[in-house]
$ cat final-v6.cif   # mmCIF, C-alpha atoms
data_run
loop_
_atom_site.label_atom_id
_atom_site.label_comp_id
_atom_site.auth_asym_id
_atom_site.auth_seq_id
_atom_site.Cartn_x
_atom_site.Cartn_y
_atom_site.Cartn_z
CA MET A 1 13.81 21.22 -38.97
CA LYS A 2 10.55 22.25 -37.34
CA GLY A 3 10.06 25.57 -35.70
CA ALA A 4 10.70 26.65 -32.22
CA ALA A 5 8.25 26.06 -29.40
CA PRO A 6 8.98 25.14 -25.79
CA LEU A 7 9.26 21.35 -25.57
CA ILE A 8 8.27 19.51 -22.38
CA VAL A 9 9.47 15.95 -21.89
CA GLY A 10 7.00 14.11 -19.65
CA GLY A 11 3.22 14.24 -19.94
CA GLY A 12 2.38 13.56 -16.30
CA MET A 13 0.75 16.06 -13.97
CA ALA A 14 3.70 18.47 -13.99
CA GLY A 15 4.26 18.37 -17.75
CA ALA A 16 0.58 18.67 -18.69
CA ALA A 17 -0.01 21.47 -16.18
CA LEU A 18 3.03 23.39 -17.43
CA ALA A 19 1.88 23.14 -21.05
CA LEU A 20 -1.47 24.68 -20.08
CA LEU A 21 0.15 27.36 -17.91
CA LEU A 22 2.57 28.37 -20.68
CA ARG A 23 -0.33 28.82 -23.07
CA HIS A 24 -2.26 30.75 -20.42
CA HIS A 25 0.70 33.13 -20.10
CA GLY A 26 1.10 33.76 -23.80
CA ALA A 27 3.26 31.01 -25.30
CA PRO A 28 2.13 30.77 -28.96
CA ALA A 29 2.80 27.02 -29.11
CA VAL A 30 4.00 24.18 -26.88
CA THR A 31 5.08 20.59 -27.57
CA LEU A 32 4.35 17.96 -24.91
CA VAL A 33 6.06 14.57 -25.21
CA GLU A 34 4.89 11.49 -23.28
CA SER A 35 6.40 8.01 -23.64
CA HIS A 36 3.14 6.17 -22.80
CA GLU A 37 0.05 5.97 -24.97
CA ILE A 38 -2.76 8.41 -24.19
CA ARG A 39 -6.18 7.60 -25.64
CA ALA A 40 -8.28 10.63 -26.51
CA GLY A 41 -11.16 11.23 -24.13
CA GLU A 42 -10.22 8.43 -21.71
CA PRO A 43 -8.75 8.75 -18.21
CA PRO A 44 -5.02 8.04 -18.61
CA ASP A 45 -3.62 4.72 -17.45
CA THR A 46 0.07 5.58 -17.10
CA PRO A 47 2.53 5.51 -14.17
CA SER A 48 2.01 9.26 -13.70
CA PHE A 49 -1.75 8.85 -13.25
CA ASP A 50 -1.97 5.75 -11.07
CA ALA A 51 -4.24 4.70 -8.20
CA ARG A 52 -2.96 7.38 -5.86
CA SER A 53 -4.79 10.60 -4.99
CA THR A 54 -3.50 14.16 -4.83
CA ALA A 55 -4.38 16.63 -2.08
CA LEU A 56 -4.65 20.03 -3.78
CA SER A 57 -4.15 23.05 -1.53
CA ALA A 58 -6.28 26.19 -1.70
CA GLY A 59 -3.43 27.86 -3.61
CA SER A 60 -3.41 25.06 -6.19
CA LEU A 61 -7.19 25.33 -6.59
CA THR A 62 -6.75 29.04 -7.33
CA ILE A 63 -4.28 28.21 -10.13
CA LEU A 64 -6.74 25.67 -11.56
CA GLU A 65 -9.49 28.29 -11.44
CA ARG A 66 -7.32 30.66 -13.51
CA LEU A 67 -6.91 27.89 -16.08
CA GLY A 68 -10.68 27.34 -16.15
CA LEU A 69 -10.31 23.78 -14.85
CA LEU A 70 -11.51 24.03 -11.25
CA ASP A 71 -15.12 22.97 -11.85
CA ALA A 72 -14.01 19.93 -13.86
CA VAL A 73 -11.58 18.84 -11.14
CA LEU A 74 -14.17 19.32 -8.38
CA GLU A 75 -16.66 17.15 -10.29
CA ARG A 76 -14.91 14.12 -8.80
CA ALA A 77 -13.03 15.60 -5.88
CA ALA A 78 -13.84 15.93 -2.18
CA GLY A 79 -13.35 19.26 -0.48
CA ILE A 80 -11.24 19.52 2.67
CA ASP A 81 -13.09 21.70 5.17
CA THR A 82 -11.08 20.76 8.27
CA VAL A 83 -7.64 19.28 8.90
CA HIS A 84 -7.30 17.36 12.17
CA VAL A 85 -3.70 16.78 13.35
CA SER A 86 -2.94 14.52 16.33
CA ARG A 87 -0.30 12.35 17.98
CA ARG A 88 -1.12 8.83 19.14
CA GLU A 89 -1.27 8.39 22.93
CA ARG A 90 -0.30 12.03 23.54
CA LEU A 91 -2.10 15.18 24.53
CA GLY A 92 -2.13 17.77 21.80
CA ILE A 93 -4.46 18.17 18.84
CA THR A 94 -4.83 20.99 16.36
CA ARG A 95 -7.60 21.66 13.85
CA LEU A 96 -7.40 23.89 10.82
CA ASN A 97 -10.74 25.13 9.49
CA ALA A 98 -11.74 26.74 6.19
CA ALA A 99 -14.12 29.11 7.98
CA GLU A 100 -11.20 30.61 9.94
CA HIS A 101 -9.66 31.74 6.67
CA ALA A 102 -12.88 32.83 4.95
CA LEU A 103 -12.31 30.14 2.30
CA PRO A 104 -14.87 27.79 0.73
CA ARG A 105 -12.42 24.93 1.43
CA LEU A 106 -8.84 24.39 2.62
CA GLY A 107 -8.20 22.20 -0.40
CA ALA A 108 -9.55 19.18 -2.22
CA VAL A 109 -8.55 15.57 -2.82
CA VAL A 110 -8.79 14.12 -6.31
CA GLU A 111 -7.81 10.73 -7.66
CA ASN A 112 -4.86 11.01 -10.02
CA ARG A 113 -6.59 9.35 -12.96
CA TRP A 114 -9.40 11.90 -12.93
CA PHE A 115 -7.00 14.79 -12.41
CA GLY A 116 -4.94 13.54 -15.35
CA HIS A 117 -8.08 13.20 -17.45
CA VAL A 118 -8.99 16.84 -16.80
CA LEU A 119 -5.49 18.11 -17.59
CA LEU A 120 -5.02 16.05 -20.74
CA ARG A 121 -8.52 16.82 -22.01
CA ALA A 122 -7.60 20.52 -21.81
CA VAL A 123 -4.27 19.82 -23.55
CA GLU A 124 -6.03 17.97 -26.37
CA ALA A 125 -8.55 20.80 -26.74
CA ASP A 126 -5.84 23.40 -27.39
CA PRO A 127 -4.73 23.29 -31.05
CA ALA A 128 -1.52 25.17 -30.14
CA ILE A 129 -0.34 22.32 -27.89
CA GLU A 130 1.18 19.45 -29.86
CA LEU A 131 0.80 16.27 -27.80
CA ARG A 132 3.14 13.50 -28.90
CA ALA A 133 2.18 10.24 -27.18
CA PRO A 134 3.59 7.69 -27.28
CA ALA A 135 6.83 9.29 -28.35
CA SER A 136 10.41 9.38 -27.12
CA VAL A 137 13.22 11.88 -27.12
CA THR A 138 16.33 9.90 -28.08
CA ALA A 139 18.97 12.66 -28.11
CA ILE A 140 19.53 16.34 -27.43
CA ALA A 141 22.32 18.67 -28.57
CA ARG A 142 23.02 22.19 -27.40
CA GLU A 143 22.85 24.91 -30.07
CA SER A 144 23.55 28.63 -29.86
CA ASP A 145 19.84 29.45 -29.58
CA GLY A 146 18.36 26.40 -27.91
CA TYR A 147 18.42 22.61 -28.04
CA ARG A 148 18.26 20.36 -31.06
CA VAL A 149 16.00 17.51 -29.97
CA THR A 150 15.67 14.17 -31.73
CA LEU A 151 12.07 13.07 -31.32
CA ASP A 152 11.34 9.64 -32.81
CA GLY A 153 13.99 10.19 -35.48
CA GLU A 154 12.83 13.73 -36.33
CA GLU A 155 14.96 16.72 -35.37
CA ARG A 156 13.56 20.00 -34.15
CA LEU A 157 14.91 23.09 -32.40
CA THR A 158 13.40 24.28 -29.14
CA PRO A 159 14.26 27.53 -27.34
CA LEU A 160 13.24 25.95 -24.01
CA LEU A 161 13.59 22.29 -23.13
CA VAL A 162 11.83 21.23 -19.91
CA ALA A 163 12.65 18.01 -18.07
CA ALA A 164 9.43 16.79 -16.44
CA ASP A 165 10.06 13.06 -16.83
CA GLY A 166 10.24 11.96 -13.21
CA ALA A 167 12.73 11.44 -10.42
CA ARG A 168 15.01 9.29 -12.61
CA SER A 169 14.81 11.80 -15.45
CA ARG A 170 16.85 10.86 -18.48
CA THR A 171 16.41 14.38 -19.86
CA ARG A 172 17.94 15.87 -16.71
CA GLU A 173 20.93 13.54 -17.11
CA TRP A 174 21.35 14.55 -20.76
CA LEU A 175 21.40 18.18 -19.64
CA GLY A 176 24.36 17.32 -17.42
CA ILE A 177 22.45 18.00 -14.21
CA SER A 178 23.11 15.51 -11.43
CA ALA A 179 20.66 14.71 -8.63
CA ARG A 180 20.90 13.45 -5.07
CA HIS A 181 18.71 10.48 -4.17
CA GLN A 182 18.12 9.55 -0.52
CA ASP A 183 16.37 6.28 0.23
CA LEU A 184 14.61 6.78 3.59
CA GLY A 185 14.23 3.04 4.14
CA GLN A 186 10.49 3.60 4.40
CA ASP A 187 7.52 2.91 2.14
CA ALA A 188 4.14 4.55 1.80
CA LEU A 189 1.18 2.17 1.81
CA ILE A 190 -1.71 3.51 -0.28
CA ALA A 191 -5.31 2.31 -0.22
CA ASN A 192 -8.85 3.62 -0.49
CA ILE A 193 -10.86 3.01 2.67
CA GLY A 194 -14.63 2.68 2.74
CA LEU A 195 -16.39 4.27 5.73
CA ALA A 196 -19.40 3.32 7.81
CA GLU A 197 -20.34 7.02 8.12
CA PRO A 198 -19.68 10.31 6.25
CA HIS A 199 -16.28 11.99 6.58
CA HIS A 200 -17.80 15.53 6.48
CA GLY A 201 -14.79 16.89 4.58
CA VAL A 202 -12.32 16.27 7.43
CA ALA A 203 -8.73 15.24 6.62
CA PHE A 204 -6.79 13.47 9.37
CA GLU A 205 -3.01 13.51 9.89
CA ARG A 206 -1.94 11.25 12.75
CA PHE A 207 1.65 10.89 13.92
CA LEU A 208 2.67 7.43 15.10
CA ASP A 209 5.95 6.08 16.43
CA ASP A 210 6.69 4.38 13.11
CA GLY A 211 5.63 7.28 10.85
CA PRO A 212 2.67 9.49 9.89
CA LEU A 213 -0.72 8.18 8.79
CA ALA A 214 -3.12 10.32 6.75
CA LEU A 215 -6.74 9.74 5.82
CA LEU A 216 -7.98 12.17 3.17
CA PRO A 217 -11.61 12.63 2.11
CA LEU A 218 -12.70 11.24 -1.26
CA PRO A 219 -16.08 11.50 -3.01
CA GLY A 220 -18.70 9.34 -1.34
CA ASP A 221 -18.06 7.68 1.99
CA ARG A 222 -14.43 6.94 1.17
CA MET A 223 -11.03 8.18 2.29
CA ALA A 224 -7.56 7.87 0.77
CA LEU A 225 -5.08 6.26 3.16
CA VAL A 226 -1.38 7.14 3.11
CA TRP A 227 0.41 5.17 5.83
CA THR A 228 4.20 5.37 6.00
CA GLY A 229 6.61 3.25 7.98
CA PRO A 230 9.84 1.25 7.87
CA ARG A 231 9.98 -1.06 4.86
CA GLU A 232 9.91 -4.26 6.88
CA GLN A 233 6.86 -3.02 8.79
CA VAL A 234 5.06 -2.25 5.54
CA ASP A 235 5.87 -5.84 4.48
CA GLY A 236 3.77 -6.95 7.45
CA TRP A 237 0.88 -4.61 6.69
CA MET A 238 0.80 -5.77 3.07
CA ALA A 239 0.72 -9.45 4.14
CA LEU A 240 -2.41 -9.06 6.30
CA ASP A 241 -5.81 -10.07 4.99
CA ASP A 242 -8.37 -7.26 4.70
CA ASP A 243 -10.00 -7.87 8.08
CA ALA A 244 -6.68 -7.99 9.94
CA PHE A 245 -5.44 -4.94 8.06
CA LEU A 246 -8.53 -2.93 9.02
CA ALA A 247 -8.13 -4.07 12.64
CA ALA A 248 -4.50 -2.88 12.67
CA LEU A 249 -5.55 0.43 11.14
CA ARG A 250 -8.39 0.92 13.64
CA GLN A 251 -5.94 0.48 16.52
CA ARG A 252 -3.93 3.45 15.26
CA VAL A 253 -6.39 5.98 13.88
CA GLY A 254 -7.94 7.34 17.06
CA ALA A 255 -11.51 7.84 18.18
CA ALA A 256 -12.02 11.11 16.29
CA MET A 257 -11.80 9.45 12.88
CA PRO A 258 -14.86 7.99 11.12
CA ARG A 259 -15.60 4.29 11.50
CA LEU A 260 -13.67 2.26 8.92
CA ALA A 261 -15.74 -0.36 7.05
CA ARG A 262 -13.62 -1.88 4.29
CA ALA A 263 -10.23 -1.62 2.62
CA GLY A 264 -9.56 -1.43 -1.11
CA GLU A 265 -6.51 -2.72 -2.93
CA ARG A 266 -3.24 -1.89 -1.17
CA GLN A 267 -0.20 -0.59 -3.01
CA ARG A 268 3.19 0.56 -1.77
CA TYR A 269 5.75 3.08 -2.95
CA PRO A 270 9.32 3.51 -1.68
CA LEU A 271 10.12 6.90 -0.12
CA ILE A 272 13.16 8.13 -2.00
CA LEU A 273 13.87 11.84 -1.80
CA THR A 274 15.28 13.45 -4.95
CA GLU A 275 16.88 16.85 -5.31
CA ALA A 276 18.34 18.10 -8.60
CA CYS A 277 21.60 20.00 -8.23
CA ALA A 278 20.26 22.71 -10.57
CA GLN A 279 16.84 23.59 -11.95
CA ALA A 280 17.92 26.09 -14.59
CA VAL A 281 20.63 25.99 -17.25
CA PRO A 282 20.76 27.83 -20.58
CA PHE A 283 17.64 26.99 -22.61
CA ALA A 284 16.43 24.33 -20.16
CA ALA A 285 14.57 23.89 -16.87
CA VAL A 286 13.95 20.94 -14.55
CA VAL A 287 10.53 20.64 -12.87
CA GLY A 288 8.30 18.26 -10.94
CA ASN A 289 9.77 15.06 -9.56
CA ALA A 290 12.81 15.56 -11.78
CA ALA A 291 13.57 18.63 -9.63
CA HIS A 292 12.50 17.49 -6.17
CA THR A 293 10.46 14.84 -4.38
CA LEU A 294 9.23 15.08 -0.79
CA HIS A 295 8.06 12.91 2.07
CA PRO A 296 4.25 12.68 1.64
CA VAL A 297 3.52 14.19 5.08
CA ALA A 298 0.99 17.04 4.69
CA GLY A 299 0.64 16.32 0.96
CA GLN A 300 2.90 19.17 -0.17
CA GLY A 301 4.65 17.56 -3.16
CA PHE A 302 2.47 18.51 -6.11
CA ASN A 303 1.39 21.78 -4.52
CA LEU A 304 5.03 22.88 -4.33
CA THR A 305 5.54 21.81 -7.95
CA PHE A 306 2.40 23.66 -9.05
CA ARG A 307 3.78 26.88 -7.56
CA ASP A 308 7.07 26.27 -9.38
CA LEU A 309 5.23 25.77 -12.67
CA ALA A 310 2.94 28.77 -12.25
CA LEU A 311 5.87 31.14 -11.70
CA LEU A 312 7.93 29.61 -14.53
CA ALA A 313 5.05 30.04 -16.99
CA GLU A 314 4.42 33.58 -15.78
CA ARG A 315 8.09 34.51 -16.31
CA VAL A 316 8.71 32.88 -19.70
CA GLY A 317 5.30 32.24 -21.32
CA GLY A 318 5.13 35.40 -23.40
CA GLN A 319 8.87 35.86 -23.91
CA PRO A 320 10.38 35.71 -27.42
CA ASN A 321 13.36 33.89 -25.90
CA PRO A 322 11.90 31.79 -23.07
CA GLY A 323 15.16 29.90 -22.53
CA ARG A 324 17.26 32.94 -21.73
CA LEU A 325 19.46 32.00 -18.79
CA ALA A 326 18.84 35.21 -16.82
CA LEU A 327 15.08 34.54 -16.86
CA LEU A 328 15.46 30.92 -15.80
CA GLU A 329 18.02 31.62 -13.08
CA GLN A 330 15.82 34.35 -11.58
CA TRP A 331 12.85 31.96 -11.58
CA ALA A 332 14.90 29.29 -9.82
CA ALA A 333 16.23 31.81 -7.27
CA ASP A 334 12.73 33.11 -6.53
CA ARG A 335 11.46 29.58 -5.89
CA ARG A 336 14.42 28.49 -3.73
CA ARG A 337 13.15 29.60 -0.32
CA ASP A 338 9.70 28.04 -0.66
CA GLN A 339 11.23 24.79 -1.89
CA ALA A 340 13.79 24.71 0.93
CA ASP A 341 11.23 25.48 3.65
CA ILE A 342 8.74 22.85 2.47
CA ALA A 343 11.47 20.24 1.96
CA ARG A 344 12.84 20.90 5.45
CA ALA A 345 9.42 20.65 7.08
CA SER A 346 8.49 17.51 5.14
CA ARG A 347 11.75 15.86 6.16
CA TRP A 348 11.90 16.85 9.82
CA VAL A 349 8.29 16.87 11.01
CA PRO A 350 7.89 13.05 10.83
CA GLU A 351 11.23 12.63 12.63
CA LEU A 352 10.29 15.08 15.38
CA PHE A 353 7.14 13.11 16.12
CA ARG A 354 9.13 9.87 16.36
CA VAL A 355 11.46 11.16 19.10
CA ARG A 356 10.53 9.41 22.37
CA ASN A 357 12.44 11.54 24.87
CA PRO A 358 9.74 12.49 27.43
CA LEU A 359 10.90 16.10 27.82
CA PHE A 360 11.00 16.67 24.10
CA ALA A 361 7.67 14.92 23.62
CA HIS A 362 6.10 17.26 26.17
CA THR A 363 7.41 20.31 24.30
CA ARG A 364 6.15 18.92 21.01
CA GLN A 365 2.64 18.38 22.39
CA LEU A 366 2.63 21.92 23.75
CA GLY A 367 3.38 23.04 20.20
CA LEU A 368 0.29 21.23 18.93
CA LEU A 369 -1.78 22.72 21.74
CA ALA A 370 -0.44 26.17 20.94
CA LEU A 371 -1.52 25.80 17.33
CA ASP A 372 -4.99 24.87 18.50
CA LEU A 373 -5.30 27.58 21.15
CA LEU A 374 -3.60 30.51 19.37
CA PRO A 375 -5.55 31.55 16.26
CA GLY A 376 -2.68 33.67 14.90
CA ALA A 377 -0.16 30.81 14.98
CA ARG A 378 -2.66 28.40 13.50
CA LYS A 379 -3.60 30.85 10.74
CA ASN A 380 0.01 31.45 9.69
CA PHE A 381 0.74 27.72 9.69
CA ALA A 382 -2.36 26.95 7.64
CA ARG A 383 -1.81 29.69 5.07
CA ARG A 384 1.72 28.43 4.43
CA ALA A 385 0.49 24.85 4.03
CA MET A 386 -2.23 26.04 1.63
CA GLY A 387 0.27 27.86 -0.56
CA LEU A 388 -1.25 31.26 0.19
#

$ encode --input "final-v6.cif" --output "structure tokens"
Amino acid sequence: MKGAAPLIVGGGMAGAALALLLRHHGAPAVTLVESHEIRAGEPPDTPSFDARSTALSAGSLTILERLGLLDAVLERAAGIDTVHVSRRERLGITRLNAAEHALPRLGAVVENRWFGHVLLRAVEADPAIELRAPASVTAIARESDGYRVTLDGEERLTPLLVAADGARSRTREWLGISARHQDLGQDALIANIGLAEPHHGVAFERFLDDGPLALLPLPGDRMALVWTGPREQVDGWMALDDDAFLAALRQRVGAAMPRLARAGERQRYPLILTEACAQAVPFAAVVGNAAHTLHPVAGQGFNLTFRDLALLAERVGGQPNPGRLALLEQWAADRRRDQADIARASRWVPELFRVRNPLFAHTRQLGLLALDLLPGARKNFARRAMGL
């Protein structure tokens, strides 16, 4: 039986980032298991690193800087200098600016394939990280000092088993941890949009009656569209030809947004919220989408996960017994409030903007105006969204 190193099941963004963070915080060795093939030196083409983009907050960029990966990520990322939040056909707009917070940028948007390439290139460059891909864990068994894991027919003991294999995590199920799944009946339509003019680093979040619409800056004169709505409505958007789709989008985006010139390939993803009933058990932790998924409003999903991973690695990375229950339970307890607050906001903010009661709508618009007019309120809101 091979010797004991933390073993992470799932080589997507969460798993790869955790492997690097554990090494950064003193773990002598880490094993990372991914079921899909990863070709050395090539951007990954796996479900974890698909056509979507990730909006990285200022806090996430700070973590990447500590890992020495920020410059590589920014090579093909677009900085977010301003966030423009508005409600269609209503008074009330707020703008969050990097200059207000003395930051070089509020965040950055990177396509998942490039982000995955940067993470996995760093994983492959570290001889103390064993990357097994493609490989599969076929069984686990609890021992007195960890988990016995069967990996492609070979048994090994790990003092810390981490489930990072997605919202339908088989590893989480094997650990005996149940999860709640809530289908919102909505989909997110994803596409890259070409512009007729520069975006100047402005990200737009626009609240519509049927759901939020975000346009996020990408390198060049492009933006990443995330448009959510009821499933049957997304059926209609997907059925439109490119010209009709752009026309429908132009009707909703507002005059402040750059002129839209062309639409790339459209894809859709169902919005299903996942919440694991526990994130820590003896010798095991649950992270990433296996632990929680969020509504994409404000792009908080991976940023929340990155904060989870950074604290977990800090707490257990240099420990001789990283799977000790007291350590893992304290980590989970310390992350609980941030997770609950972000989950609550991600769930309720889109619903609040869909309420059509005139009195409530007036109050809501005053809230947006207050954020724009009161620097203190805007600053606190922005720093929380940036993970600072």

$ residues_around --input "final-v6.cif" --residues "A:Leu119" --least-positions-apart "6" --cutoff "8 Å" --atoms "all atoms listed in the file" --output "PyMOL selection string"
chain A and resi 13+16-17+69

$ closest_residue --input "final-v6.cif" --among "A:Gly116, A:Pro296, A:Gly301, A:Gly107" --to "A:Gly15" --atoms "all atoms listed in the file"
A:Gly116

$ atom_distance --input "final-v6.cif" --atom1 "atom CA of A:Leu312" --atom2 "atom CA of A:Glu75"
27.9 Å

$ residues_around --input "final-v6.cif" --residues "A:Arg170" --least-positions-apart "6" --cutoff "10 Å" --atoms "only C-alpha atoms" --output "list in words"
Val9, Val137, Thr138, Ala163, Ala164, Gly176 and Ala290 of chain A

$ axis_aligned_box --input "final-v6.cif" --around "stretch 101-110 of chain A" --padding-each-side "4 Å" --output "lines of an AutoDock Vina configuration file"
center_x = -11.5
center_y = 23.5
center_z = 0.2
size_x = 14.7
size_y = 26.7
size_z = 21.0

$ residues_near_point --input "final-v6.cif" --point "(-3.7, 16.2, 1.6)" --cutoff "9 Å" --atoms "all atoms listed in the file" --output "ChimeraX atom specification"
/A:53-57,80,83,107-109,203-205,214-217,296-300

$ closest_residue --input "final-v6.cif" --among "A:Leu195, A:Ala51, A:Leu304, A:Ala310" --to "A:Arg66" --atoms "all atoms listed in the file"
A:Ala310

$ closest_residue --input "final-v6.cif" --among "A:Ala99, A:Ala278, A:Leu61, A:Ala128" --to "A:Thr31" --atoms "only C-alpha atoms"
A:Ala128

$ resolve_selection --input "final-v6.cif" --expression "the PyMOL selection byres ((chain A and resi 76) around 9)" --output "ChimeraX atom specification"
/A:72-75,77-78,109-111,114-115,218-219

$ atom_distance --input "final-v6.cif" --atom1 "atom CA of A:His117" --atom2 "atom CA of A:Val316"
26.0 Å

$ residues_around --input "final-v6.cif" --residues "A:Ser136" --least-positions-apart "4" --cutoff "8 Å" --atoms "only C-alpha atoms" --output "list in words"
Val33, Glu34, Ser35, Leu151 and Asp152 of chain A

$ atom_distance --input "final-v6.cif" --atom1 "atom CA of A:Leu120" --atom2 "atom CA of A:Ala135"
15.6 Å

$ closest_residue --input "final-v6.cif" --among "A:Gly323, A:Arg52, A:Arg87, A:Arg252" --to "A:Arg268" --atoms "all atoms listed in the file"
A:Arg52

$ resolve_selection --input "final-v6.cif" --expression "the PyMOL selection byres ((chain A and resi 186) around 10)" --output "PDB file with C-alpha atoms, keeping the file's coordinate frame"
ATOM      1  CA  ASP A 183      16.370   6.280   0.230  1.00  0.00           C
ATOM      2  CA  LEU A 184      14.610   6.780   3.590  1.00  0.00           C
ATOM      3  CA  GLY A 185      14.230   3.040   4.140  1.00  0.00           C
ATOM      4  CA  ASP A 187       7.520   2.910   2.140  1.00  0.00           C
ATOM      5  CA  ALA A 188       4.140   4.550   1.800  1.00  0.00           C
ATOM      6  CA  LEU A 189       1.180   2.170   1.810  1.00  0.00           C
ATOM      7  CA  ASP A 210       6.690   4.380  13.110  1.00  0.00           C
ATOM      8  CA  GLY A 211       5.630   7.280  10.850  1.00  0.00           C
ATOM      9  CA  THR A 228       4.200   5.370   6.000  1.00  0.00           C
ATOM     10  CA  GLY A 229       6.610   3.250   7.980  1.00  0.00           C
ATOM     11  CA  PRO A 230       9.840   1.250   7.870  1.00  0.00           C
ATOM     12  CA  ARG A 231       9.980  -1.060   4.860  1.00  0.00           C
ATOM     13  CA  GLU A 232       9.910  -4.260   6.880  1.00  0.00           C
ATOM     14  CA  GLN A 233       6.860  -3.020   8.790  1.00  0.00           C
ATOM     15  CA  VAL A 234       5.060  -2.250   5.540  1.00  0.00           C
ATOM     16  CA  TYR A 269       5.750   3.080  -2.950  1.00  0.00           C
ATOM     17  CA  PRO A 270       9.320   3.510  -1.680  1.00  0.00           C
ATOM     18  CA  LEU A 271      10.120   6.900  -0.120  1.00  0.00           C
ATOM     19  CA  ILE A 272      13.160   8.130  -2.000  1.00  0.00           C
ATOM     20  CA  HIS A 295       8.060  12.910   2.070  1.00  0.00           C
TER      21      HIS A 295
END

$ resolve_selection --input "final-v6.cif" --expression "the PyMOL selection byres ((chain A and resi 154-157) around 8)" --output "number ranges by chain"
A: 1-5, 146-153, 158-159

$ closest_residue --input "final-v6.cif" --among "A:Arg206, A:Asp71, A:Cys277, A:Glu100" --to "A:Ala179" --atoms "all atoms listed in the file"
A:Cys277
